[in-house]
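Read the structure below first, then the notes.
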Amino acid sequence: MSARPTDNAGEPQGERLQKVMAAAGVASRRVSEDLISAGRVTVNGTVVTELGRRIDPVHDRVAVDGTAVQLDTSRRYVMLNKPVGVVSSMRDEQGRPDLSRFTAGYEERLFNVGRLDAETSGLLILTNDGELAHVLAHPSFGVTKTYIARVRGVVTPQTIATLTRGVVLDDGPIAADKARLLERSSASRDSLVELTLHSGRNRIVRRMMAEVGHPVVELVRRQFGPLHLGTLRVGEMRDLTKVELGDLLTISREKDTK
């Protein structure tokens with residue numbers, strides 16, 4: 001728990017916790033006071049029940065019922081359903097369609113969290129929060145991503161078992177955290193497979209499926225950590241809800257302290 005900030009004369013500095021919570025959109029100041037009094041609010045991991053508690057919104061971390069709260073209202077978090085044919089870059093040197101077309105309308109300077117190759121569509125997070133982006137994108141933190149792949153051939157249960165047991169690629173062994181067969185068609189000779197991985201290796205799903213003899217025809221990322229693509233249509237984007245953002249920040253903070 002950090003010490004309460006004071007000025008040179010020893011007077012308390014910072015802002016009152018309930019005021020900061022209200023400004024962050026958690027609840028009205030009165031309801032925020034009720035949450036604090038009920039012991040449902042923590043500051044830097046410690047329960048706070050004192051209504052006069054002052055905090056530093058820049059450095060202190062607040063959570064309500066265990067869910068992280070973003071106090072910095074200048075941060076922006078957007079979900080994009082990236083179309084096929086768009087590269088995961090804000091400026092492509094080869095002149096290919098890039099993400100700048102989606103971020104041009106925002107005042108904030110947004111950037112993408114991780115990448116999807118040009119042939120893959122689906123969930124991509126855009127933000128100006130570098131700390132969160134680092135935790136979510138770096139494979140060492142183990143944030144999972146779920147993909148739906150349409151592949152050539154009729155996938156068998158034995159193949160699904162191989163994917164979870166692991167295969168060896170040019171850059172080393174890799175195993176899916178989860179894998180399941182969603183659909184297979186003897187007529188079209190295609191199968192639909194769901195894969196969940198925490199790896200950040202380039203084109204990893206495509207390479208894994210090719211290794212087991214089922215090249216990818218179509219690939220969509222449906223989930224990133226606690227976020228689900230839902231009904232967001234290809235090419236559309238939206239701000240994360242407060243619940244989604246809370247879940248994302250909570251995971252980010254938990255992993256950042258390990």
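By order in the structure tokens, chains are A, B, ...; within a chain, residues start at 1; ligands start at 1, following the order shown.
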Open item on the list: Give me the residues near Ala149 of chain A as a list in words, where near means some atom within 6 Å (using only C-alpha atoms) and where sequence neighbours in that chain fewer than 5 positions away do not count.
Closed with: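 My list of contacting residues is Leu192, Val193, Glu218 and Leu219 of chain A.
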Task: Contacts of Val26 of chain A at 8 Å (only C-alpha atoms; same-chain gap of 5+ positions) as a list in words - done: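 So, after excluding close chain neighbours, the residues are Met21, Ser32 and Val69 of chain A.
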DSSP on the backbone, strand (DSSP E) only: what residues of segment 6-252 of chain A does that give? Format it as a PDB file with N, CA and C atoms, in the first residue's frame.
ATOM      1  N   GLU A  15      -6.648  13.354  -4.820  1.00  0.00           N
ATOM      2  CA  GLU A  15      -8.082  13.580  -4.924  1.00  0.00           C
ATOM      3  C   GLU A  15      -8.839  12.560  -4.095  1.00  0.00           C
ATOM      4  N   ARG A  16     -10.006  12.950  -3.613  1.00  0.00           N
ATOM      5  CA  ARG A  16     -10.809  12.030  -2.835  1.00  0.00           C
ATOM      6  C   ARG A  16     -11.227  10.842  -3.697  1.00  0.00           C
ATOM      7  N   VAL A  41     -14.247  -1.596  -2.150  1.00  0.00           N
ATOM      8  CA  VAL A  41     -13.248  -0.888  -2.959  1.00  0.00           C
ATOM      9  C   VAL A  41     -11.857  -1.128  -2.381  1.00  0.00           C
ATOM     10  N   THR A  42     -10.907  -1.416  -3.265  1.00  0.00           N
ATOM     11  CA  THR A  42      -9.511  -1.547  -2.849  1.00  0.00           C
ATOM     12  C   THR A  42      -8.655  -0.517  -3.577  1.00  0.00           C
ATOM     13  N   VAL A  43      -7.621  -0.074  -2.905  1.00  0.00           N
ATOM     14  CA  VAL A  43      -6.610   0.794  -3.504  1.00  0.00           C
ATOM     15  C   VAL A  43      -5.276   0.089  -3.356  1.00  0.00           C
ATOM     16  N   THR A  46      -5.498  -3.057  -1.192  1.00  0.00           N
ATOM     17  CA  THR A  46      -5.927  -2.966   0.200  1.00  0.00           C
ATOM     18  C   THR A  46      -7.324  -2.358   0.290  1.00  0.00           C
ATOM     19  N   VAL A  47      -8.205  -2.996   1.055  1.00  0.00           N
ATOM     20  CA  VAL A  47      -9.574  -2.497   1.210  1.00  0.00           C
ATOM     21  C   VAL A  47      -9.557  -1.137   1.892  1.00  0.00           C
ATOM     22  N   ARG A  54      -7.597   9.967   0.142  1.00  0.00           N
ATOM     23  CA  ARG A  54      -7.153  10.635  -1.074  1.00  0.00           C
ATOM     24  C   ARG A  54      -6.173   9.729  -1.814  1.00  0.00           C
ATOM     25  N   ILE A  55      -6.244   9.766  -3.128  1.00  0.00           N
ATOM     26  CA  ILE A  55      -5.373   8.913  -3.938  1.00  0.00           C
ATOM     27  C   ILE A  55      -4.756   9.709  -5.072  1.00  0.00           C
ATOM     28  N   VAL A  62      -7.148   1.158  -8.463  1.00  0.00           N
ATOM     29  CA  VAL A  62      -8.420   0.989  -7.763  1.00  0.00           C
ATOM     30  C   VAL A  62      -9.192  -0.164  -8.376  1.00  0.00           C
ATOM     31  N   ALA A  63      -9.863  -0.936  -7.520  1.00  0.00           N
ATOM     32  CA  ALA A  63     -10.732  -2.019  -7.983  1.00  0.00           C
ATOM     33  C   ALA A  63     -12.009  -2.007  -7.161  1.00  0.00           C
ATOM     34  N   VAL A  64     -13.106  -2.405  -7.791  1.00  0.00           N
ATOM     35  CA  VAL A  64     -14.402  -2.533  -7.117  1.00  0.00           C
ATOM     36  C   VAL A  64     -14.853  -3.979  -7.249  1.00  0.00           C
ATOM     37  N   THR A  67     -12.731  -6.112  -9.451  1.00  0.00           N
ATOM     38  CA  THR A  67     -12.586  -5.756 -10.866  1.00  0.00           C
ATOM     39  C   THR A  67     -11.894  -4.403 -11.002  1.00  0.00           C
ATOM     40  N   ALA A  68     -10.837  -4.355 -11.807  1.00  0.00           N
ATOM     41  CA  ALA A  68     -10.035  -3.140 -11.945  1.00  0.00           C
ATOM     42  C   ALA A  68     -10.833  -2.006 -12.570  1.00  0.00           C
ATOM     43  N   VAL A  69     -10.489  -0.793 -12.156  1.00  0.00           N
ATOM     44  CA  VAL A  69     -11.120   0.422 -12.683  1.00  0.00           C
ATOM     45  C   VAL A  69     -10.042   1.276 -13.342  1.00  0.00           C
ATOM     46  N   TYR A  77     -10.101   2.387 -25.480  1.00  0.00           N
ATOM     47  CA  TYR A  77     -10.020   0.954 -25.770  1.00  0.00           C
ATOM     48  C   TYR A  77     -11.119   0.603 -26.768  1.00  0.00           C
ATOM     49  N   VAL A  78     -10.699   0.122 -27.931  1.00  0.00           N
ATOM     50  CA  VAL A  78     -11.633  -0.132 -29.030  1.00  0.00           C
ATOM     51  C   VAL A  78     -11.462  -1.552 -29.539  1.00  0.00           C
ATOM     52  N   MET A  79     -12.582  -2.190 -29.846  1.00  0.00           N
ATOM     53  CA  MET A  79     -12.560  -3.506 -30.470  1.00  0.00           C
ATOM     54  C   MET A  79     -12.887  -3.353 -31.953  1.00  0.00           C
ATOM     55  N   LEU A  80     -12.062  -3.971 -32.800  1.00  0.00           N
ATOM     56  CA  LEU A  80     -12.270  -3.954 -34.251  1.00  0.00           C
ATOM     57  C   LEU A  80     -12.413  -5.381 -34.753  1.00  0.00           C
ATOM     58  N   ASN A  81     -13.371  -5.591 -35.650  1.00  0.00           N
ATOM     59  CA  ASN A  81     -13.441  -6.860 -36.370  1.00  0.00           C
ATOM     60  C   ASN A  81     -12.703  -6.643 -37.684  1.00  0.00           C
ATOM     61  N   LYS A  82     -11.420  -6.945 -37.664  1.00  0.00           N
ATOM     62  CA  LYS A  82     -10.555  -6.651 -38.813  1.00  0.00           C
ATOM     63  C   LYS A  82     -10.946  -7.477 -40.035  1.00  0.00           C
ATOM     64  N   PHE A 111      -3.142   2.440 -31.334  1.00  0.00           N
ATOM     65  CA  PHE A 111      -2.305   1.438 -31.989  1.00  0.00           C
ATOM     66  C   PHE A 111      -2.865   0.061 -31.657  1.00  0.00           C
ATOM     67  N   ASN A 112      -2.477  -0.932 -32.435  1.00  0.00           N
ATOM     68  CA  ASN A 112      -3.031  -2.274 -32.280  1.00  0.00           C
ATOM     69  C   ASN A 112      -2.266  -3.072 -31.238  1.00  0.00           C
ATOM     70  N   VAL A 113      -3.010  -3.914 -30.518  1.00  0.00           N
ATOM     71  CA  VAL A 113      -2.430  -4.827 -29.534  1.00  0.00           C
ATOM     72  C   VAL A 113      -2.195  -6.153 -30.236  1.00  0.00           C
ATOM     73  N   SER A 121      -9.160 -12.597 -40.360  1.00  0.00           N
ATOM     74  CA  SER A 121     -10.078 -11.571 -39.874  1.00  0.00           C
ATOM     75  C   SER A 121     -10.319 -11.777 -38.384  1.00  0.00           C
ATOM     76  N   GLY A 122     -11.043 -10.838 -37.781  1.00  0.00           N
ATOM     77  CA  GLY A 122     -11.462 -11.046 -36.408  1.00  0.00           C
ATOM     78  C   GLY A 122     -11.023  -9.990 -35.423  1.00  0.00           C
ATOM     79  N   LEU A 123     -11.055 -10.367 -34.154  1.00  0.00           N
ATOM     80  CA  LEU A 123     -10.932  -9.444 -33.037  1.00  0.00           C
ATOM     81  C   LEU A 123      -9.522  -8.873 -32.897  1.00  0.00           C
ATOM     82  N   LEU A 124      -9.473  -7.546 -32.953  1.00  0.00           N
ATOM     83  CA  LEU A 124      -8.215  -6.831 -32.756  1.00  0.00           C
ATOM     84  C   LEU A 124      -8.509  -5.669 -31.810  1.00  0.00           C
ATOM     85  N   ILE A 125      -7.662  -5.486 -30.810  1.00  0.00           N
ATOM     86  CA  ILE A 125      -7.835  -4.399 -29.853  1.00  0.00           C
ATOM     87  C   ILE A 125      -6.977  -3.217 -30.284  1.00  0.00           C
ATOM     88  N   LEU A 126      -7.572  -2.026 -30.266  1.00  0.00           N
ATOM     89  CA  LEU A 126      -6.859  -0.787 -30.549  1.00  0.00           C
ATOM     90  C   LEU A 126      -6.917   0.074 -29.284  1.00  0.00           C
ATOM     91  N   THR A 127      -5.790   0.651 -28.890  1.00  0.00           N
ATOM     92  CA  THR A 127      -5.748   1.416 -27.644  1.00  0.00           C
ATOM     93  C   THR A 127      -4.606   2.419 -27.679  1.00  0.00           C
ATOM     94  N   LYS A 145      -5.958 -16.655 -26.888  1.00  0.00           N
ATOM     95  CA  LYS A 145      -6.753 -16.208 -28.035  1.00  0.00           C
ATOM     96  C   LYS A 145      -7.438 -17.432 -28.634  1.00  0.00           C
ATOM     97  N   THR A 146      -8.673 -17.259 -29.059  1.00  0.00           N
ATOM     98  CA  THR A 146      -9.426 -18.369 -29.637  1.00  0.00           C
ATOM     99  C   THR A 146      -9.745 -18.073 -31.094  1.00  0.00           C
ATOM    100  N   TYR A 147      -9.479 -19.066 -31.948  1.00  0.00           N
ATOM    101  CA  TYR A 147      -9.663 -18.929 -33.395  1.00  0.00           C
ATOM    102  C   TYR A 147     -10.626 -19.997 -33.899  1.00  0.00           C
ATOM    103  N   ILE A 148     -11.362 -19.644 -34.933  1.00  0.00           N
ATOM    104  CA  ILE A 148     -12.162 -20.611 -35.680  1.00  0.00           C
ATOM    105  C   ILE A 148     -11.524 -20.746 -37.055  1.00  0.00           C
ATOM    106  N   ALA A 149     -11.129 -21.966 -37.401  1.00  0.00           N
ATOM    107  CA  ALA A 149     -10.448 -22.208 -38.674  1.00  0.00           C
ATOM    108  C   ALA A 149     -11.246 -23.170 -39.538  1.00  0.00           C
ATOM    109  N   ARG A 150     -11.508 -22.760 -40.775  1.00  0.00           N
ATOM    110  CA  ARG A 150     -12.039 -23.702 -41.760  1.00  0.00           C
ATOM    111  C   ARG A 150     -10.846 -24.289 -42.491  1.00  0.00           C
ATOM    112  N   VAL A 151     -10.727 -25.597 -42.466  1.00  0.00           N
ATOM    113  CA  VAL A 151      -9.530 -26.248 -43.005  1.00  0.00           C
ATOM    114  C   VAL A 151      -9.904 -27.296 -44.040  1.00  0.00           C
ATOM    115  N   ARG A 152      -8.946 -27.643 -44.858  1.00  0.00           N
ATOM    116  CA  ARG A 152      -9.140 -28.689 -45.860  1.00  0.00           C
ATOM    117  C   ARG A 152      -9.108 -30.066 -45.192  1.00  0.00           C
ATOM    118  N   VAL A 167       2.750 -30.317 -31.583  1.00  0.00           N
ATOM    119  CA  VAL A 167       3.467 -30.634 -32.815  1.00  0.00           C
ATOM    120  C   VAL A 167       4.787 -29.863 -32.805  1.00  0.00           C
ATOM    121  N   VAL A 168       5.699 -30.290 -33.653  1.00  0.00           N
ATOM    122  CA  VAL A 168       7.005 -29.627 -33.735  1.00  0.00           C
ATOM    123  C   VAL A 168       7.091 -28.861 -35.050  1.00  0.00           C
ATOM    124  N   LEU A 169       7.304 -27.550 -34.942  1.00  0.00           N
ATOM    125  CA  LEU A 169       7.450 -26.695 -36.110  1.00  0.00           C
ATOM    126  C   LEU A 169       8.910 -26.277 -36.264  1.00  0.00           C
ATOM    127  N   GLY A 172      10.250 -24.662 -33.209  1.00  0.00           N
ATOM    128  CA  GLY A 172      10.092 -25.348 -31.934  1.00  0.00           C
ATOM    129  C   GLY A 172       8.725 -25.964 -31.735  1.00  0.00           C
ATOM    130  N   PRO A 173       8.555 -26.714 -30.650  1.00  0.00           N
ATOM    131  CA  PRO A 173       7.284 -27.374 -30.375  1.00  0.00           C
ATOM    132  C   PRO A 173       6.203 -26.380 -29.962  1.00  0.00           C
ATOM    133  N   ILE A 174       4.947 -26.766 -30.208  1.00  0.00           N
ATOM    134  CA  ILE A 174       3.810 -25.920 -29.846  1.00  0.00           C
ATOM    135  C   ILE A 174       2.584 -26.811 -29.646  1.00  0.00           C
ATOM    136  N   LYS A 178      -6.437 -25.532 -26.011  1.00  0.00           N
ATOM    137  CA  LYS A 178      -7.675 -26.278 -26.221  1.00  0.00           C
ATOM    138  C   LYS A 178      -7.882 -26.446 -27.722  1.00  0.00           C
ATOM    139  N   ALA A 179      -8.538 -27.513 -28.105  1.00  0.00           N
ATOM    140  CA  ALA A 179      -8.894 -27.726 -29.509  1.00  0.00           C
ATOM    141  C   ALA A 179     -10.151 -28.566 -29.562  1.00  0.00           C
ATOM    142  N   ARG A 180     -11.037 -28.239 -30.477  1.00  0.00           N
ATOM    143  CA  ARG A 180     -12.236 -29.065 -30.647  1.00  0.00           C
ATOM    144  C   ARG A 180     -12.737 -28.958 -32.074  1.00  0.00           C
ATOM    145  N   LEU A 181     -13.365 -30.019 -32.501  1.00  0.00           N
ATOM    146  CA  LEU A 181     -13.948 -30.076 -33.837  1.00  0.00           C
ATOM    147  C   LEU A 181     -15.370 -29.550 -33.765  1.00  0.00           C
ATOM    148  N   LEU A 182     -15.664 -28.526 -34.549  1.00  0.00           N
ATOM    149  CA  LEU A 182     -17.002 -27.938 -34.543  1.00  0.00           C
ATOM    150  C   LEU A 182     -17.905 -28.534 -35.613  1.00  0.00           C
ATOM    151  N   GLU A 183     -17.301 -28.874 -36.740  1.00  0.00           N
ATOM    152  CA  GLU A 183     -18.110 -29.344 -37.878  1.00  0.00           C
ATOM    153  C   GLU A 183     -17.199 -29.989 -38.905  1.00  0.00           C
ATOM    154  N   ARG A 184     -17.690 -31.031 -39.556  1.00  0.00           N
ATOM    155  CA  ARG A 184     -16.933 -31.585 -40.679  1.00  0.00           C
ATOM    156  C   ARG A 184     -17.915 -32.057 -41.731  1.00  0.00           C
ATOM    157  N   SER A 185     -17.484 -31.924 -42.980  1.00  0.00           N
ATOM    158  CA  SER A 185     -18.357 -32.261 -44.089  1.00  0.00           C
ATOM    159  C   SER A 185     -17.634 -33.190 -45.065  1.00  0.00           C
ATOM    160  N   ASP A 190     -14.258 -30.308 -46.050  1.00  0.00           N
ATOM    161  CA  ASP A 190     -13.753 -29.257 -45.182  1.00  0.00           C
ATOM    162  C   ASP A 190     -14.178 -29.541 -43.745  1.00  0.00           C
ATOM    163  N   SER A 191     -13.442 -28.965 -42.791  1.00  0.00           N
ATOM    164  CA  SER A 191     -13.796 -29.081 -41.380  1.00  0.00           C
ATOM    165  C   SER A 191     -13.662 -27.722 -40.707  1.00  0.00           C
ATOM    166  N   LEU A 192     -14.429 -27.547 -39.636  1.00  0.00           N
ATOM    167  CA  LEU A 192     -14.377 -26.329 -38.848  1.00  0.00           C
ATOM    168  C   LEU A 192     -13.785 -26.691 -37.479  1.00  0.00           C
ATOM    169  N   VAL A 193     -12.676 -26.035 -37.129  1.00  0.00           N
ATOM    170  CA  VAL A 193     -11.951 -26.361 -35.903  1.00  0.00           C
ATOM    171  C   VAL A 193     -11.798 -25.109 -35.051  1.00  0.00           C
ATOM    172  N   GLU A 194     -11.961 -25.252 -33.740  1.00  0.00           N
ATOM    173  CA  GLU A 194     -11.725 -24.159 -32.799  1.00  0.00           C
ATOM    174  C   GLU A 194     -10.431 -24.427 -32.038  1.00  0.00           C
ATOM    175  N   LEU A 195      -9.537 -23.451 -32.043  1.00  0.00           N
ATOM    176  CA  LEU A 195      -8.252 -23.573 -31.358  1.00  0.00           C
ATOM    177  C   LEU A 195      -8.059 -22.414 -30.393  1.00  0.00           C
ATOM    178  N   THR A 196      -7.604 -22.726 -29.187  1.00  0.00           N
ATOM    179  CA  THR A 196      -7.254 -21.703 -28.203  1.00  0.00           C
ATOM    180  C   THR A 196      -5.777 -21.837 -27.864  1.00  0.00           C
ATOM    181  N   LEU A 197      -5.044 -20.725 -28.000  1.00  0.00           N
ATOM    182  CA  LEU A 197      -3.604 -20.728 -27.744  1.00  0.00           C
ATOM    183  C   LEU A 197      -3.211 -19.457 -27.015  1.00  0.00           C
ATOM    184  N   VAL A 216      -5.288 -24.274 -43.720  1.00  0.00           N
ATOM    185  CA  VAL A 216      -6.376 -23.352 -43.402  1.00  0.00           C
ATOM    186  C   VAL A 216      -6.917 -22.695 -44.668  1.00  0.00           C
ATOM    187  N   VAL A 217      -8.231 -22.694 -44.785  1.00  0.00           N
ATOM    188  CA  VAL A 217      -8.913 -22.013 -45.887  1.00  0.00           C
ATOM    189  C   VAL A 217      -9.382 -20.635 -45.434  1.00  0.00           C
ATOM    190  N   GLU A 218      -9.875 -20.566 -44.210  1.00  0.00           N
ATOM    191  CA  GLU A 218     -10.405 -19.318 -43.661  1.00  0.00           C
ATOM    192  C   GLU A 218     -10.141 -19.309 -42.158  1.00  0.00           C
ATOM    193  N   LEU A 219      -9.747 -18.122 -41.629  1.00  0.00           N
ATOM    194  CA  LEU A 219      -9.384 -18.050 -40.216  1.00  0.00           C
ATOM    195  C   LEU A 219      -9.928 -16.765 -39.589  1.00  0.00           C
ATOM    196  N   VAL A 220     -10.578 -16.943 -38.442  1.00  0.00           N
ATOM    197  CA  VAL A 220     -11.160 -15.807 -37.718  1.00  0.00           C
ATOM    198  C   VAL A 220     -10.756 -15.896 -36.248  1.00  0.00           C
ATOM    199  N   ARG A 221     -10.302 -14.778 -35.674  1.00  0.00           N
ATOM    200  CA  ARG A 221     -10.074 -14.753 -34.233  1.00  0.00           C
ATOM    201  C   ARG A 221     -11.361 -14.263 -33.567  1.00  0.00           C
ATOM    202  N   ARG A 222     -11.936 -15.115 -32.726  1.00  0.00           N
ATOM    203  CA  ARG A 222     -13.215 -14.814 -32.088  1.00  0.00           C
ATOM    204  C   ARG A 222     -13.055 -14.268 -30.672  1.00  0.00           C
ATOM    205  N   GLN A 223     -11.943 -14.555 -30.047  1.00  0.00           N
ATOM    206  CA  GLN A 223     -11.799 -14.176 -28.640  1.00  0.00           C
ATOM    207  C   GLN A 223     -10.364 -13.780 -28.344  1.00  0.00           C
ATOM    208  N   PHE A 224     -10.201 -12.772 -27.499  1.00  0.00           N
ATOM    209  CA  PHE A 224      -8.887 -12.322 -27.039  1.00  0.00           C
ATOM    210  C   PHE A 224      -9.017 -12.102 -25.536  1.00  0.00           C
ATOM    211  N   LEU A 227     -12.380 -10.954 -23.925  1.00  0.00           N
ATOM    212  CA  LEU A 227     -13.199 -10.273 -24.931  1.00  0.00           C
ATOM    213  C   LEU A 227     -13.693 -11.238 -26.003  1.00  0.00           C
ATOM    214  N   HIS A 228     -14.975 -11.091 -26.359  1.00  0.00           N
ATOM    215  CA  HIS A 228     -15.581 -11.907 -27.404  1.00  0.00           C
ATOM    216  C   HIS A 228     -16.032 -11.003 -28.548  1.00  0.00           C
ATOM    217  N   MET A 237     -16.321  -1.381 -35.620  1.00  0.00           N
ATOM    218  CA  MET A 237     -15.574  -1.237 -34.382  1.00  0.00           C
ATOM    219  C   MET A 237     -16.451  -0.561 -33.331  1.00  0.00           C
ATOM    220  N   ARG A 238     -16.083  -0.762 -32.074  1.00  0.00           N
ATOM    221  CA  ARG A 238     -16.831  -0.144 -30.975  1.00  0.00           C
ATOM    222  C   ARG A 238     -15.926  -0.020 -29.759  1.00  0.00           C
ATOM    223  N   ASP A 239     -16.264   0.918 -28.883  1.00  0.00           N
ATOM    224  CA  ASP A 239     -15.556   1.032 -27.612  1.00  0.00           C
ATOM    225  C   ASP A 239     -15.905  -0.166 -26.735  1.00  0.00           C
TER     226      ASP A 239
END
- [ ] May I have the residues within 10 Å of Lys255 of chain A as a PyMOL selection string, using only C-alpha atoms and disregarding those fewer than 4 positions away in the same chain?
- [x] chain A and resi 135-136+140-143+249-251
Open item on the list: When DSSP is applied to the backbone of this structure, which of segment 146-206 of chain A are assigned helix (DSSP H, G or I)? Write them out as a PyMOL selection string.
Closed with: chain A and resi 157-165+204-206
TODO: Compare A:Leu116, A:Val20, A:Val154, A:Ala161 by their minimum atom-to-atom distance to Arg61 of chain A, counting only C-alpha atoms, and give me the closest one.
DONE: A:Val20
